[in-house]
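Below is my_file-v1.tsv, holding TSV, C-alpha atoms.
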chain	number	residue	atom	x	y	z
A	1	MET	CA	-21.50	9.80	-15.28
A	2	ASN	CA	-19.23	8.90	-12.38
A	3	LYS	CA	-16.95	11.60	-11.00
A	4	GLY	CA	-13.22	11.15	-11.42
A	5	LEU	CA	-10.82	10.43	-8.57
A	6	LEU	CA	-8.17	12.70	-7.14
A	7	ILE	CA	-5.03	10.59	-6.79
A	8	VAL	CA	-2.39	12.14	-4.54
A	9	LEU	CA	1.08	10.66	-5.02
A	10	SER	CA	3.54	11.59	-2.32
A	11	GLY	CA	6.55	10.27	-0.43
A	12	PRO	CA	9.89	11.40	0.99
A	13	SER	CA	12.31	13.47	-1.05
A	14	GLY	CA	14.51	11.23	-3.22
A	15	VAL	CA	12.04	8.35	-3.46
A	16	GLY	CA	11.41	8.91	-7.18
A	17	LYS	CA	7.92	10.51	-7.25
A	18	GLY	CA	8.76	12.54	-10.37
A	19	THR	CA	10.07	9.59	-12.37
A	20	VAL	CA	7.15	7.33	-11.38
A	21	CYS	CA	4.71	10.11	-12.26
A	22	SER	CA	6.16	10.71	-15.70
A	23	VAL	CA	6.21	6.97	-16.55
A	24	LEU	CA	2.61	6.72	-15.32
A	25	ARG	CA	1.68	9.67	-17.52
A	26	HIS	CA	3.09	7.81	-20.50
A	27	LYS	CA	1.30	4.54	-19.62
A	28	GLN	CA	-2.07	5.97	-18.75
A	29	SER	CA	-2.91	8.86	-21.04
A	30	ASP	CA	-6.43	9.37	-19.59
A	31	LEU	CA	-4.95	10.49	-16.27
A	32	VAL	CA	-4.92	14.31	-16.01
A	33	TYR	CA	-1.99	15.92	-14.21
A	34	SER	CA	-2.88	18.66	-11.76
A	35	VAL	CA	-1.58	22.03	-12.98
A	36	SER	CA	-0.05	24.17	-10.22
A	37	ALA	CA	-0.35	27.91	-9.81
A	38	THR	CA	2.91	29.85	-9.29
A	39	THR	CA	4.19	33.38	-8.96
A	40	ARG	CA	7.50	32.57	-10.60
A	41	THR	CA	8.30	33.96	-14.06
A	42	PRO	CA	7.50	31.58	-16.96
A	43	ARG	CA	10.57	29.95	-18.50
A	44	GLN	CA	11.03	29.85	-22.26
A	45	GLY	CA	8.39	27.60	-23.84
A	46	GLU	CA	6.23	27.27	-20.72
A	47	ILE	CA	2.55	27.80	-21.46
A	48	ASP	CA	0.02	29.28	-19.02
A	49	GLY	CA	-2.61	26.65	-18.08
A	50	ILE	CA	-0.44	23.78	-19.36
A	51	ASN	CA	2.82	23.89	-17.39
A	52	TYR	CA	1.56	26.24	-14.67
A	53	PHE	CA	-1.08	28.83	-14.06
A	54	PHE	CA	1.16	31.92	-13.91
A	55	LYS	CA	-0.09	34.43	-11.35
A	56	THR	CA	1.08	37.75	-9.91
A	57	ARG	CA	1.75	37.83	-6.17
A	58	GLU	CA	-1.46	39.82	-5.77
A	59	GLN	CA	-3.53	37.26	-7.70
A	60	PHE	CA	-1.96	34.45	-5.68
A	61	GLN	CA	-2.69	36.17	-2.35
A	62	ASP	CA	-6.26	36.64	-3.54
A	63	MET	CA	-6.54	32.88	-4.31
A	64	ILE	CA	-5.32	32.12	-0.77
A	65	ALA	CA	-7.89	34.55	0.67
A	66	ARG	CA	-10.70	32.97	-1.39
A	67	ASP	CA	-9.65	29.47	-0.27
A	68	ALA	CA	-9.14	28.67	-3.95
A	69	LEU	CA	-6.04	26.52	-3.31
A	70	LEU	CA	-5.97	22.97	-1.92
A	71	GLU	CA	-2.48	23.73	-0.56
A	72	HIS	CA	0.28	26.24	-1.13
A	73	ALA	CA	3.86	26.82	-0.08
A	74	GLU	CA	6.65	29.34	-0.61
A	75	TYR	CA	9.86	28.08	-2.19
A	76	VAL	CA	12.92	30.27	-2.95
A	77	GLY	CA	10.83	33.43	-2.81
A	78	ASN	CA	8.01	32.19	-5.06
A	79	PHE	CA	4.59	30.81	-4.25
A	80	TYR	CA	3.37	27.47	-5.56
A	81	GLY	CA	-0.10	26.01	-5.01
A	82	THR	CA	-2.79	23.61	-6.23
A	83	PRO	CA	-5.89	25.40	-7.62
A	84	ARG	CA	-9.02	23.65	-6.39
A	85	ASP	CA	-11.05	24.82	-9.40
A	86	PHE	CA	-8.94	22.92	-11.98
A	87	VAL	CA	-9.19	19.73	-9.90
A	88	ASP	CA	-12.97	20.12	-9.37
A	89	ARG	CA	-13.72	20.79	-13.04
A	90	THR	CA	-11.62	17.85	-14.26
A	91	LEU	CA	-13.18	15.43	-11.75
A	92	ALA	CA	-16.68	16.65	-12.68
A	93	SER	CA	-15.93	15.79	-16.32
A	94	GLY	CA	-15.37	12.17	-15.18
A	95	LYS	CA	-11.58	12.20	-15.51
A	96	ASP	CA	-9.09	11.22	-12.80
A	97	VAL	CA	-6.55	13.78	-11.65
A	98	ILE	CA	-3.10	12.94	-10.29
A	99	LEU	CA	-1.24	15.31	-8.01
A	100	GLU	CA	2.45	14.69	-7.30
A	101	ILE	CA	3.41	16.53	-4.14
A	102	GLU	CA	5.70	16.40	-1.12
A	103	VAL	CA	4.50	14.87	2.14
A	104	GLN	CA	3.46	18.01	4.04
A	105	GLY	CA	1.55	19.40	1.04
A	106	ALA	CA	-0.33	16.13	0.63
A	107	LEU	CA	-1.56	16.33	4.23
A	108	LYS	CA	-2.87	19.86	3.60
A	109	VAL	CA	-4.70	18.56	0.51
A	110	LYS	CA	-6.20	15.81	2.66
A	111	GLU	CA	-7.71	18.38	5.05
A	112	LYS	CA	-9.57	20.05	2.17
A	113	PHE	CA	-10.15	16.97	0.02
A	114	PRO	CA	-10.49	13.90	2.28
A	115	GLU	CA	-12.21	11.90	-0.49
A	116	GLY	CA	-8.93	11.79	-2.44
A	117	VAL	CA	-6.88	8.60	-2.76
A	118	PHE	CA	-3.62	9.14	-0.89
A	119	ILE	CA	-0.67	7.02	-2.02
A	120	PHE	CA	2.66	7.02	-0.20
A	121	LEU	CA	5.64	6.04	-2.34
A	122	LEU	CA	8.31	4.25	-0.30
A	123	PRO	CA	11.95	3.38	-0.95
A	124	PRO	CA	12.71	-0.38	-0.69
A	125	SER	CA	14.67	0.56	2.48
A	126	LEU	CA	16.16	3.61	4.22
A	127	ASP	CA	19.61	2.47	3.05
A	128	GLU	CA	18.38	2.49	-0.52
A	129	LEU	CA	16.99	6.03	-0.04
A	130	LYS	CA	20.38	7.16	1.27
A	131	GLN	CA	22.07	5.65	-1.78
A	132	ARG	CA	19.70	7.61	-4.01
A	133	ILE	CA	20.35	10.87	-2.18
A	134	VAL	CA	24.14	10.26	-2.14
A	135	GLY	CA	23.93	9.14	-5.78
A	136	ARG	CA	22.98	12.64	-6.87
A	137	GLY	CA	26.57	13.39	-5.93
A	138	THR	CA	26.03	17.09	-5.22
A	139	GLU	CA	25.69	17.10	-1.45
A	140	ASN	CA	28.13	16.95	1.44
A	141	ALA	CA	27.77	14.60	4.43
A	142	GLU	CA	25.99	17.17	6.60
A	143	VAL	CA	23.35	17.88	3.96
A	144	ILE	CA	22.89	14.15	3.35
A	145	ASN	CA	22.42	13.45	7.07
A	146	HIS	CA	19.92	16.28	7.35
A	147	ARG	CA	17.99	14.94	4.37
A	148	MET	CA	17.92	11.46	5.88
A	149	THR	CA	16.54	12.83	9.16
A	150	VAL	CA	13.83	14.70	7.26
A	151	ALA	CA	13.07	11.59	5.18
A	152	GLU	CA	12.69	9.46	8.33
A	153	GLN	CA	10.30	12.03	9.81
A	154	GLU	CA	8.34	12.08	6.55
A	155	MET	CA	8.15	8.27	6.53
A	156	SER	CA	6.29	8.34	9.85
A	157	LEU	CA	3.49	10.33	8.17
A	158	ILE	CA	2.55	7.27	6.12
A	159	ARG	CA	-0.17	6.62	8.72
A	160	TYR	CA	-2.27	9.42	7.20
A	161	TYR	CA	-2.26	7.77	3.77
A	162	ASP	CA	-4.49	5.12	2.22
A	163	TYR	CA	-1.89	3.09	0.33
A	164	ALA	CA	1.82	2.27	0.57
A	165	VAL	CA	3.62	1.54	-2.71
A	166	VAL	CA	7.24	0.42	-2.62
A	167	ASN	CA	9.26	1.92	-5.48
A	168	ASP	CA	11.55	-1.09	-5.89
A	169	GLU	CA	11.24	-1.01	-9.68
A	170	ILE	CA	9.52	1.78	-11.64
A	171	ASP	CA	7.30	-0.40	-13.84
A	172	ALA	CA	6.19	-2.47	-10.84
A	173	ALA	CA	5.42	0.68	-8.83
A	174	CYS	CA	3.42	2.11	-11.77
A	175	HIS	CA	1.50	-1.16	-12.12
A	176	ARG	CA	0.57	-1.00	-8.41
A	177	ILE	CA	-0.61	2.60	-8.72
A	178	GLN	CA	-2.67	1.78	-11.83
A	179	SER	CA	-4.20	-1.16	-9.94
A	180	ILE	CA	-5.08	1.13	-7.02
A	181	ILE	CA	-6.85	3.55	-9.39
A	182	THR	CA	-8.82	0.71	-11.05
A	183	ALA	CA	-9.73	-0.79	-7.66
A	184	GLU	CA	-10.84	2.55	-6.21
A	185	HIS	CA	-13.25	2.95	-9.13
A	186	CYS	CA	-14.74	-0.43	-8.15
A	187	ARG	CA	-15.30	0.49	-4.49
A	188	LYS	CA	-18.90	-0.28	-3.58
A	189	ASP	CA	-19.54	3.17	-2.10
A	190	ARG	CA	-18.46	4.91	-5.30
A	191	PHE	CA	-20.49	2.47	-7.38
A	192	LEU	CA	-23.64	3.10	-5.32
A	193	ALA	CA	-23.07	6.88	-5.35
A	194	GLY	CA	-22.81	6.74	-9.16
A	195	LEU	CA	-26.00	4.65	-9.33
A	196	GLU	CA	-27.86	7.13	-7.12
A	197	GLU	CA	-26.73	10.07	-9.22
A	198	MET	CA	-27.87	8.24	-12.38
A	199	GLN	CA	-31.34	7.73	-10.87
A	200	THR	CA	-31.57	11.34	-9.70
A	201	THR	CA	-30.57	12.54	-13.17
A	202	SER	CA	-33.12	10.29	-14.91
A	203	GLU	CA	-35.88	11.38	-12.49
A	204	LYS	CA	-35.08	15.00	-13.29
A	205	ALA	CA	-35.11	14.32	-17.04
B	206	MET	CA	6.30	-12.51	5.41
B	207	ASN	CA	2.94	-10.85	4.81
B	208	LYS	CA	-0.19	-12.94	5.23
B	209	GLY	CA	-2.26	-13.66	2.14
B	210	LEU	CA	-5.71	-12.21	1.47
B	211	LEU	CA	-9.02	-14.02	1.43
B	212	ILE	CA	-10.83	-12.84	-1.70
B	213	VAL	CA	-14.55	-13.64	-1.70
B	214	LEU	CA	-16.16	-13.48	-5.15
B	215	SER	CA	-19.92	-13.49	-5.10
B	216	GLY	CA	-22.95	-12.17	-6.98
B	217	PRO	CA	-26.43	-13.19	-8.09
B	218	SER	CA	-27.07	-16.52	-9.78
B	219	GLY	CA	-26.44	-16.26	-13.53
B	220	VAL	CA	-23.94	-13.40	-13.34
B	221	GLY	CA	-21.02	-15.56	-14.43
B	222	LYS	CA	-19.06	-16.12	-11.18
B	223	GLY	CA	-17.87	-19.56	-12.29
B	224	THR	CA	-16.60	-18.41	-15.69
B	225	VAL	CA	-14.84	-15.36	-14.27
B	226	CYS	CA	-13.27	-17.52	-11.57
B	227	SER	CA	-11.91	-20.08	-13.99
B	228	VAL	CA	-10.46	-17.42	-16.31
B	229	LEU	CA	-8.90	-15.73	-13.28
B	230	ARG	CA	-7.42	-19.07	-12.21
B	231	HIS	CA	-5.78	-19.35	-15.61
B	232	LYS	CA	-4.45	-15.75	-15.55
B	233	GLN	CA	-3.18	-15.70	-12.00
B	234	SER	CA	-1.71	-19.03	-11.08
B	235	ASP	CA	-0.51	-17.91	-7.62
B	236	LEU	CA	-4.12	-17.52	-6.45
B	237	VAL	CA	-5.24	-20.57	-4.44
B	238	TYR	CA	-8.83	-21.72	-4.83
B	239	SER	CA	-10.64	-22.55	-1.62
B	240	VAL	CA	-11.44	-26.28	-1.45
B	241	SER	CA	-14.92	-27.04	-0.12
B	242	ALA	CA	-15.90	-29.89	2.17
B	243	THR	CA	-18.88	-32.00	1.09
B	244	THR	CA	-20.80	-35.10	2.11
B	245	ARG	CA	-21.61	-36.07	-1.46
B	246	THR	CA	-20.00	-39.13	-3.03
B	247	PRO	CA	-16.83	-38.41	-5.07
B	248	ARG	CA	-17.38	-38.58	-8.83
B	249	GLN	CA	-14.98	-40.48	-11.04
B	250	GLY	CA	-11.59	-38.76	-11.06
B	251	GLU	CA	-12.30	-36.40	-8.18
B	252	ILE	CA	-9.47	-36.30	-5.65
B	253	ASP	CA	-9.90	-35.71	-1.92
B	254	GLY	CA	-8.23	-32.43	-0.90
B	255	ILE	CA	-8.06	-31.19	-4.51
B	256	ASN	CA	-11.64	-31.09	-5.80
B	257	TYR	CA	-13.28	-31.39	-2.39
B	258	PHE	CA	-12.60	-32.60	1.09
B	259	PHE	CA	-14.92	-35.62	1.12
B	260	LYS	CA	-16.54	-36.14	4.51
B	261	THR	CA	-19.11	-38.45	6.07
B	262	ARG	CA	-22.24	-36.81	7.46
B	263	GLU	CA	-20.89	-37.49	10.93
B	264	GLN	CA	-17.54	-35.83	10.17
B	265	PHE	CA	-19.34	-32.87	8.63
B	266	GLN	CA	-21.65	-32.46	11.66
B	267	ASP	CA	-18.56	-32.57	13.84
B	268	MET	CA	-16.93	-29.78	11.77
B	269	ILE	CA	-20.07	-27.66	12.26
B	270	ALA	CA	-19.98	-28.34	16.01
B	271	ARG	CA	-16.28	-27.38	16.21
B	272	ASP	CA	-16.94	-24.16	14.26
B	273	ALA	CA	-14.46	-25.46	11.68
B	274	LEU	CA	-16.45	-24.10	8.71
B	275	LEU	CA	-16.64	-20.46	7.57
B	276	GLU	CA	-20.10	-21.25	6.15
B	277	HIS	CA	-22.10	-24.29	5.15
B	278	ALA	CA	-25.35	-25.12	3.40
B	279	GLU	CA	-27.40	-28.15	2.42
B	280	TYR	CA	-28.11	-28.67	-1.28
B	281	VAL	CA	-30.08	-31.60	-2.73
B	282	GLY	CA	-29.56	-33.65	0.42
B	283	ASN	CA	-25.81	-33.07	0.71
B	284	PHE	CA	-23.81	-30.69	2.85
B	285	TYR	CA	-21.28	-28.27	1.39
B	286	GLY	CA	-19.04	-25.95	3.39
B	287	THR	CA	-15.82	-23.92	3.51
B	288	PRO	CA	-13.23	-25.34	5.93
B	289	ARG	CA	-11.61	-22.54	7.89
B	290	ASP	CA	-8.41	-24.53	8.44
B	291	PHE	CA	-7.51	-24.76	4.72
B	292	VAL	CA	-8.06	-21.00	4.32
B	293	ASP	CA	-6.03	-20.15	7.45
B	294	ARG	CA	-3.09	-22.38	6.52
B	295	THR	CA	-2.91	-21.04	2.95
B	296	LEU	CA	-3.08	-17.40	4.08
B	297	ALA	CA	-0.40	-18.04	6.73
B	298	SER	CA	1.91	-19.34	3.98
B	299	GLY	CA	1.60	-15.89	2.31
B	300	LYS	CA	-0.70	-16.97	-0.52
B	301	ASP	CA	-4.03	-15.40	-1.45
B	302	VAL	CA	-7.14	-17.58	-1.41
B	303	ILE	CA	-10.18	-17.01	-3.62
B	304	LEU	CA	-13.60	-18.28	-2.63
B	305	GLU	CA	-16.39	-18.30	-5.23
B	306	ILE	CA	-19.72	-18.46	-3.44
B	307	GLU	CA	-23.36	-17.39	-3.64
B	308	VAL	CA	-24.52	-14.20	-1.95
B	309	GLN	CA	-25.93	-15.62	1.31
B	310	GLY	CA	-22.87	-17.82	1.88
B	311	ALA	CA	-20.56	-14.85	1.37
B	312	LEU	CA	-22.35	-12.92	4.12
B	313	LYS	CA	-21.88	-15.86	6.51
B	314	VAL	CA	-18.16	-15.88	5.65
B	315	LYS	CA	-18.05	-12.16	6.40
B	316	GLU	CA	-19.35	-12.74	9.94
B	317	LYS	CA	-16.48	-15.12	10.67
B	318	PHE	CA	-13.84	-13.51	8.49
B	319	PRO	CA	-14.50	-9.75	8.31
B	320	GLU	CA	-10.90	-9.05	7.17
B	321	GLY	CA	-11.65	-10.73	3.82
B	322	VAL	CA	-12.01	-8.73	0.61
B	323	PHE	CA	-15.63	-9.02	-0.53
B	324	ILE	CA	-16.26	-8.52	-4.25
B	325	PHE	CA	-19.76	-8.42	-5.72
B	326	LEU	CA	-19.96	-9.38	-9.40
B	327	LEU	CA	-22.75	-7.52	-11.20
B	328	PRO	CA	-24.48	-7.99	-14.53
B	329	PRO	CA	-24.25	-4.92	-16.83
B	330	SER	CA	-28.02	-4.55	-16.18
B	331	LEU	CA	-30.98	-6.57	-14.87
B	332	ASP	CA	-32.16	-7.01	-18.48
B	333	GLU	CA	-28.82	-8.53	-19.34
B	334	LEU	CA	-29.08	-10.92	-16.35
B	335	LYS	CA	-32.53	-12.01	-17.55
B	336	GLN	CA	-31.11	-12.67	-21.02
B	337	ARG	CA	-28.42	-14.86	-19.46
B	338	ILE	CA	-30.94	-16.81	-17.37
B	339	VAL	CA	-33.31	-17.17	-20.35
B	340	GLY	CA	-30.32	-18.03	-22.54
B	341	ARG	CA	-29.76	-21.26	-20.65
B	342	GLY	CA	-32.98	-22.29	-22.39
B	343	THR	CA	-34.02	-24.88	-19.81
B	344	GLU	CA	-36.46	-22.91	-17.69
B	345	ASN	CA	-40.11	-21.91	-18.08
B	346	ALA	CA	-41.43	-18.36	-17.53
B	347	GLU	CA	-42.40	-18.99	-13.91
B	348	VAL	CA	-38.96	-20.26	-12.96
B	349	ILE	CA	-37.32	-17.36	-14.82
B	350	ASN	CA	-39.50	-14.80	-13.01
B	351	HIS	CA	-38.73	-16.42	-9.67
B	352	ARG	CA	-35.01	-16.34	-10.42
B	353	MET	CA	-35.21	-12.67	-11.38
B	354	THR	CA	-36.96	-11.83	-8.10
B	355	VAL	CA	-34.27	-13.69	-6.16
B	356	ALA	CA	-31.54	-11.97	-8.20
B	357	GLU	CA	-33.02	-8.54	-7.46
B	358	GLN	CA	-33.13	-9.36	-3.74
B	359	GLU	CA	-29.52	-10.58	-3.91
B	360	MET	CA	-28.46	-7.38	-5.70
B	361	SER	CA	-29.61	-5.33	-2.71
B	362	LEU	CA	-27.06	-7.16	-0.55
B	363	ILE	CA	-24.23	-5.42	-2.41
B	364	ARG	CA	-24.13	-2.94	0.49
B	365	TYR	CA	-22.33	-5.52	2.63
B	366	TYR	CA	-19.51	-5.88	0.10
B	367	ASP	CA	-16.31	-3.90	-0.40
B	368	TYR	CA	-16.20	-3.80	-4.19
B	369	ALA	CA	-18.63	-3.89	-7.12
B	370	VAL	CA	-17.29	-5.35	-10.37
B	371	VAL	CA	-19.46	-5.22	-13.49
B	372	ASN	CA	-19.12	-8.39	-15.57
B	373	ASP	CA	-19.63	-6.64	-18.92
B	374	GLU	CA	-16.74	-8.53	-20.49
B	375	ILE	CA	-14.89	-11.42	-18.85
B	376	ASP	CA	-11.34	-10.19	-19.44
B	377	ALA	CA	-12.24	-6.70	-18.22
B	378	ALA	CA	-13.91	-8.13	-15.10
B	379	CYS	CA	-10.84	-10.32	-14.41
B	380	HIS	CA	-8.55	-7.31	-14.85
B	381	ARG	CA	-10.61	-5.36	-12.30
B	382	ILE	CA	-10.47	-8.22	-9.80
B	383	GLN	CA	-6.71	-8.60	-10.27
B	384	SER	CA	-6.35	-4.84	-9.72
B	385	ILE	CA	-8.39	-5.08	-6.52
B	386	ILE	CA	-6.10	-7.86	-5.22
B	387	THR	CA	-2.95	-5.85	-6.04
B	388	ALA	CA	-4.41	-2.69	-4.48
B	389	GLU	CA	-5.51	-4.48	-1.31
B	390	HIS	CA	-1.93	-5.70	-0.82
B	391	CYS	CA	-0.84	-2.04	-0.97
B	392	ARG	CA	-3.30	-0.83	1.70
B	393	LYS	CA	-1.39	1.13	4.33
B	394	ASP	CA	-2.84	-0.85	7.24
B	395	ARG	CA	-1.69	-4.16	5.77
B	396	PHE	CA	1.70	-2.68	4.98
B	397	LEU	CA	2.17	-1.41	8.55
B	398	ALA	CA	0.92	-4.71	10.02
B	399	GLY	CA	3.50	-6.56	7.89
B	400	LEU	CA	6.23	-4.16	9.03
B	401	GLU	CA	5.30	-4.66	12.69
B	402	GLU	CA	5.35	-8.43	12.31
B	403	MET	CA	8.78	-8.23	10.66
B	404	GLN	CA	10.12	-6.21	13.61
B	405	THR	CA	8.57	-8.59	16.16
B	406	THR	CA	10.09	-11.56	14.34
B	407	SER	CA	13.55	-9.97	14.19
B	408	GLU	CA	13.39	-9.03	17.89
B	409	LYS	CA	12.57	-12.63	18.74
B	410	ALA	CA	15.41	-13.94	16.55
Could I get this file's structure written as structure tokens?
Amino acid sequence: MNKGLLIVLSGPSGVGKGTVCSVLRHKQSDLVYSVSATTRTPRQGEIDGINYFFKTREQFQDMIARDALLEHAEYVGNFYGTPRDFVDRTLASGKDVILEIEVQGALKVKEKFPEGVFIFLLPPSLDELKQRIVGRGTENAEVINHRMTVAEQEMSLIRYYDYAVVNDEIDAACHRIQSIITAEHCRKDRFLAGLEEMQTTSEKA
Amino acid sequence: MNKGLLIVLSGPSGVGKGTVCSVLRHKQSDLVYSVSATTRTPRQGEIDGINYFFKTREQFQDMIARDALLEHAEYVGNFYGTPRDFVDRTLASGKDVILEIEVQGALKVKEKFPEGVFIFLLPPSLDELKQRIVGRGTENAEVINHRMTVAEQEMSLIRYYDYAVVNDEIDAACHRIQSIITAEHCRKDRFLAGLEEMQTTSEKA
């Protein structure tokens, strides 16, 4: 059986990663969403192993020490991270995993998992991104300008990615991502690796 | 405007390249089919520039001398080849070109056009390929065995291709090829090249 693919979906804040990811989840039910580990307290209805892997600070520090996370970051006093084990086990079962993550986190994942498929989600233009950030209506001009500066810096990191998908329209963006996943499964190198593994397995049998 | 892609669809004799190509043509009308040059006499209803570019032997030899063909071969006393100019002009207009060709020809195209997308169409298994060759019902055992030997040799050339598409079912194979085309348009390098060209054009304007 062929191994699954790790699909990393990233892009600047405000580009619509979350929305694209949830529509994709609806359209392609065989895609497994990476479950993060966190030290924050579970909210009502959240289930361990489904929404998050809930960890104590000590457990989380231990995972860092054991190199058991593909990336991690601290946010408002809590740790969040991507457990390598969940990704590895799901891929080994032949299923694809999708990880939605901000730009810096994606680059950390790439260091530990270079064989992943790294997709950068882009706004149709920087003006459009500004509209989306302004459109949230909760920020003042200074915050908006700061966000735009960060977004422009993040955009320059596209060079570390494999694919660029413009989020001009959600269904179109999802279609492009689904096409990328299908195409990556057809890559000759993956095909030959799968063939080799099949032969090795049948020789062992 | 982004340049189009040259899609080269190849695979062993009997794998169903022609059928897949004609279904694809029906499904994706914006894909332009490469028009071959030939020295053979036009058949009734064939139009120059649509079905083939009809050439004299002298004109064809001249095209070879001018390196105006991406590949060429002689078959039953006539020359056939792929004019580079038609491909270049169509790609420059932003349209994708598909070229259906046997395995050796595809490798010649790759020498002159390495930026093409090379897709190898595979039978579900060698047994299945034999069934398809036998199924034509016109060949004796010796011819069939020879064809199988050639097919096996051709299969080993898959390593020079970018993608492997199994032709288990025509619609599924077409879907995979369409996904590959969409994904290739999203490749970061092509995206950045398009961006750079846009900037150069606007600076010139």
Item to complete: Please report as a VMD selection string which residues of chain A come no farther than 10 Å from chain B, using all atoms listed in the file.
Response: chain A and resid 118 to 120 158 to 166 175 to 192
Item to complete: Please provide as a PyMOL selection string all residues within 9 Å of B:Val220, with the sequence filter that same-chain residues fewer than 4 positions apart are discarded (counting only C-alpha atoms).
Response: chain B and resi 216+326-328+334+337-338+372
Discussion item. Would you pick out the contacts of B:Leu211 at 10 Å or less, using all atoms listed in the file, so that residues sharing its chain but fewer than 3 positions from it are not included, and give the list as a PyMOL selection string?
Written reply: chain B and resi 208+214+236-239+292-293+295-296+300-304+318-323+386
Item to complete: Write out as JSON, numbers by chain which residues come within 9 Å of B:Gln309 when counting all atoms listed in the file, dropping same-chain ones fewer than 4 positions away.
Response: {"B": [313, 314, 359, 362]}
Output C-alpha atoms for every residue in the selection just made, as a CSV table (one decimal), in the coordinates of the input.
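Output saved as result-v2.csv:
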chain,number,residue,atom,x,y,z
B,313,LYS,CA,-21.9,-15.9,6.5
B,314,VAL,CA,-18.2,-15.9,5.6
B,359,GLU,CA,-29.5,-10.6,-3.9
B,362,LEU,CA,-27.1,-7.2,-0.6
Practice prompt. Name the closest residue to A:Thr41 among the candidates A:Ala65, A:Gln28, A:Glu142, A:Tyr80; distances are taken between atoms, counting all atoms listed in the file.
Written response: A:Tyr80
Fill in: Atomic distance atom CA of B:Asn256 - atom CA of B:Gly209, expressed in Å with one decimal
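Distance reported for this atom pair: 21.3 Å.
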Worksheet entry | Distance of atom CA of A:Phe60 from atom CA of A:Ala106, expressed in Å to one decimal place |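 Atom CA of A:Ala106 sits 19.4 Å away from atom CA of A:Phe60.
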Fill in: A:Val35 surroundings by only C-alpha atoms, 8 Å radius, close-in-sequence under 6 positions cut, as a list in words
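What passes the distance filter is Gly49, Ile50, Asn51, Tyr52, Phe53, Thr82, Pro83 and Phe86 of chain A.
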Worksheet item: How many Å lie between atom CA of A:Glu111 and atom CA of A:Met148, rounded to one decimal?
Response: 26.6 Å
Worksheet item: Taking into account all atoms listed in the file, which residue in the set A:Ser156, A:Gln44, A:Ser93, A:Asn2 is nearest to A:Ala193?
Response: A:Asn2
Worksheet entry | Nearby residues (all atoms listed in the file) at most 12 Å from A:Gly135, same-chain spacing under 6 positions excluded, as a list in words | Gly14, Asp127, Glu128, Leu129 and Ile144 of chain A
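Distance check against A:Leu70 using all atoms listed in the file: of A:Lys112, A:Arg40, A:Glu102, A:Glu58, the minimum falls on A:Lys112.
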